[in-house]
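K.L.:
Here it is, the structure in full.
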Amino acid sequence: MANRFSITIGRSDGQNEAPKSLEQLLDVFYKSSARNCLLLLNVPPNSSGLIDESDFQTLERFSSAIDSIFSVNLAANPLSVTASSVRSSSFGPKQILDERMETFWAPMQGETTGWIELDLGKVSKFNALEIREPVNMGQRVMEYHVEAWDSELGWYLVSNGSTIGYRKVDRLEEDQVCAARLVRLLIDALRGDPLICFFGLYFDMYNLRHLSSI
């Protein structure tokens with residue numbers, strides 16, 4: 001019978017497997033918690049009832065990395081925020097700058113698509129973006145995509161997805177960094193009027209290849 005007390009991060013069968021690296025844990029985060037799922041790290045106590053020191057150190061680094069990535073929202077203070085339409089002044093596009101679920105952008109009733117555009121005021125570099133819906137009013141978005149403006153290319157695709165929900169974080173491919181001043185979220189398919197309560201842009205330094213060994 002396997003000794004379950006020897007299990008550490010990433011070990012589920014009692015085999016002698018090293019804990020997951022910080023890079024692997026971040027990948028787990030982006031594929032779970034950042035996509036409306038539970039974050040399961042599988043960190044049981046050892047035979048003394050404590051978390052192994054190696055696991056503890058890795059979790060500390062993981063927590064610090066998450067705090068570092070999401071501590072600076074590059075879209076927090078844009079020069080302007082505009083939208084395809086606005087239901088009323090209480091539901092304007094600037095409501096997406098507030099992380100509260102109670103404040104959100106809402107287009108005119110009956111809209112089948114919609115968009116929000118942010119002018120960041122200067123060219124900013126980001127490789128992760130976050131979108132949230134006020135899920136207490138239902139999950140409405142079925143398809144969306146995000147674009148950025150380039151003076152030579154025009155609008156180009158940054159990311160896309162099928163749902164948003166409580167929290168959706170899209171991370172660009174490794175070593176891909178978007179540099180843009182104008183960014184917009186476009187709702188392509190939905191059930192009911194689209195409602196967006198938050199939009200954020202972040203720079204994930206841990207998603208650069210030269211740091212992949214951390």
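So you can find residues: chains in the structure tokens are A, B, ... in the order shown, residues in each start at 1, and ligands are numbered from 1 in order.
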With only C-alpha atoms counted and 12 Å as the cut-off, give the residues of stretch 46-125 of chain A in contact with stretch 189-212 of chain A, each with its shortest interatomic distance in Å and the pair that gives it, as a tab-separated table.
P.N.:
residue	atom	partner	partner_atom	distance
A:Arg61	CA	A:Tyr206	CA	11.5
A:Phe62	CA	A:Tyr206	CA	10.6
A:Ser64	CA	A:Tyr206	CA	11.4
A:Ala65	CA	A:Tyr206	CA	7.8
A:Ile66	CA	A:Asp204	CA	9.0
A:Asp67	CA	A:Asp204	CA	10.6
A:Ser68	CA	A:Asp204	CA	8.2
A:Ile69	CA	A:Asp204	CA	5.3
A:Phe70	CA	A:Tyr202	CA	6.4
A:Ser71	CA	A:Tyr202	CA	8.4
A:Val72	CA	A:Tyr202	CA	6.6
A:Asn73	CA	A:Leu201	CA	5.5
A:Leu74	CA	A:Leu201	CA	5.2
A:Ala75	CA	A:Gly200	CA	5.4
A:Ala76	CA	A:Gly200	CA	7.0
A:Asn77	CA	A:Gly200	CA	10.3
A:Pro78	CA	A:Gly200	CA	10.7
A:Val81	CA	A:Phe199	CA	11.0
A:Ala83	CA	A:Ile196	CA	11.3
A:Ser84	CA	A:Pro194	CA	11.6
A:Ser85	CA	A:Pro194	CA	11.2
A:Val86	CA	A:Leu195	CA	10.8
A:Arg87	CA	A:Asp193	CA	10.4
A:Phe91	CA	A:Leu195	CA	9.1
A:Gly92	CA	A:Ile196	CA	10.3
A:Pro93	CA	A:Ile196	CA	8.6
A:Lys94	CA	A:Phe198	CA	9.3
A:Gln95	CA	A:Cys197	CA	6.5
A:Ile96	CA	A:Phe198	CA	4.0
A:Leu97	CA	A:Phe198	CA	5.8
A:Asp98	CA	A:Phe198	CA	6.2
A:Glu99	CA	A:Phe198	CA	5.6
A:Arg100	CA	A:Cys197	CA	7.0
A:Met101	CA	A:Cys197	CA	5.8
A:Glu102	CA	A:Cys197	CA	7.6
A:Thr103	CA	A:Cys197	CA	5.9
A:Phe104	CA	A:Cys197	CA	4.0
A:Trp105	CA	A:Ile196	CA	5.3
A:Ala106	CA	A:Leu195	CA	5.1
A:Pro107	CA	A:Pro194	CA	7.1
A:Met108	CA	A:Asp193	CA	8.0
A:Gln109	CA	A:Asp193	CA	6.4
A:Gly110	CA	A:Asp193	CA	6.4
A:Glu111	CA	A:Asp193	CA	6.3
A:Thr112	CA	A:Leu190	CA	7.1
A:Thr113	CA	A:Ala189	CA	6.5
A:Gly114	CA	A:Pro194	CA	7.5
A:Trp115	CA	A:Pro194	CA	9.6
A:Ile116	CA	A:Ile196	CA	9.4
A:Glu117	CA	A:Phe199	CA	10.5
A:Leu118	CA	A:Phe199	CA	9.7
A:Leu120	CA	A:Leu201	CA	10.2
A:Ser124	CA	A:Leu201	CA	9.2
A:Lys125	CA	A:Phe203	CA	6.7
K.L.:
How would the residues just chosen look if you wrote them out with C-alpha atoms as a PDB file, in the first residue's frame?
P.N.:
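The resulting again-v9.pdb:
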ATOM      1  CA  ARG A  61       6.623  31.483  -4.649  1.00  0.00           C
ATOM      2  CA  PHE A  62       3.375  30.626  -6.423  1.00  0.00           C
ATOM      3  CA  SER A  64       3.964  35.773  -4.755  1.00  0.00           C
ATOM      4  CA  ALA A  65       3.883  35.215  -8.519  1.00  0.00           C
ATOM      5  CA  ILE A  66       0.066  35.522  -8.651  1.00  0.00           C
ATOM      6  CA  ASP A  67       0.212  38.698  -6.542  1.00  0.00           C
ATOM      7  CA  SER A  68       2.925  40.118  -8.795  1.00  0.00           C
ATOM      8  CA  ILE A  69       1.071  39.388 -12.036  1.00  0.00           C
ATOM      9  CA  PHE A  70      -2.287  40.824 -10.971  1.00  0.00           C
ATOM     10  CA  SER A  71      -1.092  43.692  -8.761  1.00  0.00           C
ATOM     11  CA  VAL A  72      -0.858  46.142 -11.678  1.00  0.00           C
ATOM     12  CA  ASN A  73      -3.862  46.439 -13.981  1.00  0.00           C
ATOM     13  CA  LEU A  74      -2.667  48.317 -17.066  1.00  0.00           C
ATOM     14  CA  ALA A  75      -6.273  49.119 -17.961  1.00  0.00           C
ATOM     15  CA  ALA A  76      -7.171  50.595 -14.569  1.00  0.00           C
ATOM     16  CA  ASN A  77      -6.858  54.260 -15.603  1.00  0.00           C
ATOM     17  CA  PRO A  78      -7.483  54.546 -19.342  1.00  0.00           C
ATOM     18  CA  VAL A  81     -13.630  53.992 -22.486  1.00  0.00           C
ATOM     19  CA  ALA A  83     -18.912  51.278 -26.154  1.00  0.00           C
ATOM     20  CA  SER A  84     -21.136  50.258 -29.050  1.00  0.00           C
ATOM     21  CA  SER A  85     -24.144  51.474 -27.053  1.00  0.00           C
ATOM     22  CA  VAL A  86     -25.090  52.262 -23.463  1.00  0.00           C
ATOM     23  CA  ARG A  87     -28.390  51.517 -21.748  1.00  0.00           C
ATOM     24  CA  PHE A  91     -24.444  51.279 -17.033  1.00  0.00           C
ATOM     25  CA  GLY A  92     -21.696  53.121 -18.919  1.00  0.00           C
ATOM     26  CA  PRO A  93     -18.517  51.406 -20.153  1.00  0.00           C
ATOM     27  CA  LYS A  94     -16.401  52.919 -17.370  1.00  0.00           C
ATOM     28  CA  GLN A  95     -18.149  50.551 -15.001  1.00  0.00           C
ATOM     29  CA  ILE A  96     -15.790  47.794 -16.203  1.00  0.00           C
ATOM     30  CA  LEU A  97     -12.905  49.540 -14.433  1.00  0.00           C
ATOM     31  CA  ASP A  98     -14.487  48.648 -11.102  1.00  0.00           C
ATOM     32  CA  GLU A  99     -13.977  45.069  -9.852  1.00  0.00           C
ATOM     33  CA  ARG A 100     -17.327  45.058  -8.066  1.00  0.00           C
ATOM     34  CA  MET A 101     -19.944  42.727  -9.530  1.00  0.00           C
ATOM     35  CA  GLU A 102     -22.661  45.268  -8.772  1.00  0.00           C
ATOM     36  CA  THR A 103     -21.325  47.759 -11.331  1.00  0.00           C
ATOM     37  CA  PHE A 104     -21.306  46.742 -14.988  1.00  0.00           C
ATOM     38  CA  TRP A 105     -21.637  47.897 -18.582  1.00  0.00           C
ATOM     39  CA  ALA A 106     -24.933  47.151 -20.295  1.00  0.00           C
ATOM     40  CA  PRO A 107     -25.777  47.998 -23.941  1.00  0.00           C
ATOM     41  CA  MET A 108     -29.171  49.003 -25.214  1.00  0.00           C
ATOM     42  CA  GLN A 109     -31.742  46.279 -24.680  1.00  0.00           C
ATOM     43  CA  GLY A 110     -32.075  43.846 -27.562  1.00  0.00           C
ATOM     44  CA  GLU A 111     -28.491  44.252 -28.819  1.00  0.00           C
ATOM     45  CA  THR A 112     -27.235  41.032 -30.424  1.00  0.00           C
ATOM     46  CA  THR A 113     -23.559  42.028 -30.309  1.00  0.00           C
ATOM     47  CA  GLY A 114     -21.529  44.724 -28.638  1.00  0.00           C
ATOM     48  CA  TRP A 115     -18.076  46.111 -27.984  1.00  0.00           C
ATOM     49  CA  ILE A 116     -16.081  48.129 -25.483  1.00  0.00           C
ATOM     50  CA  GLU A 117     -12.943  50.044 -26.508  1.00  0.00           C
ATOM     51  CA  LEU A 118     -10.238  51.363 -24.194  1.00  0.00           C
ATOM     52  CA  LEU A 120      -4.932  53.356 -22.502  1.00  0.00           C
ATOM     53  CA  SER A 124       1.331  49.407 -22.905  1.00  0.00           C
ATOM     54  CA  LYS A 125       2.765  45.894 -22.975  1.00  0.00           C
TER      55      LYS A 125
END
K.L.:
Once DSSP has gone over the backbone, tell me which residues of chain A are in helix (DSSP H, G or I), as JSON, numbers by chain.
P.N.:
{"A": [4, 5, 6, 22, 23, 24, 25, 26, 27, 28, 29, 30, 31, 53, 54, 55, 56, 57, 58, 59, 60, 61, 62, 63, 64, 65, 66, 67, 68, 69, 70, 89, 90, 91, 93, 94, 95, 96, 97, 135, 136, 137, 205, 206, 207, 209, 210, 211]}
K.L.:
Hey, can you check how far atom CA of A:Ser21 sits from atom CA of A:Ile51?
P.N.:
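We find that atom CA of A:Ser21 and atom CA of A:Ile51 lie 16.4 Å from each other.
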K.L.:
Do a neighbour search on A:Asp150 at 8 Å with only C-alpha atoms, toss out local chain neighbours closer than 5 positions, and write the hits as a PyMOL selection string.
P.N.:
chain A and resi 155-156+180
K.L.:
Could you write out the selected residues, including C-alpha atoms, as a PDB file, in the first residue's frame?
P.N.:
ATOM      1  CA  TRP A 155      -7.071  45.869 -35.600  1.00  0.00           C
ATOM      2  CA  TYR A 156      -5.643  42.395 -34.967  1.00  0.00           C
ATOM      3  CA  ALA A 180      -0.875  48.613 -27.882  1.00  0.00           C
TER       4      ALA A 180
END
K.L.:
With only C-alpha atoms as the atoms that count, which of A:Leu172, A:Ile187, A:Leu182, A:Val123 lies nearest to A:Met142?
P.N.:
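Among the listed residues, the smallest separation from A:Met142 belongs to A:Ile187.
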K.L.:
As a ChimeraX atom specification, please: every residue in stretch 52-199 of chain A that DSSP puts in strand (DSSP E).
P.N.:
/A:80-83,114-126,128-132,141-150,154-161,168-171,178-190,198-199
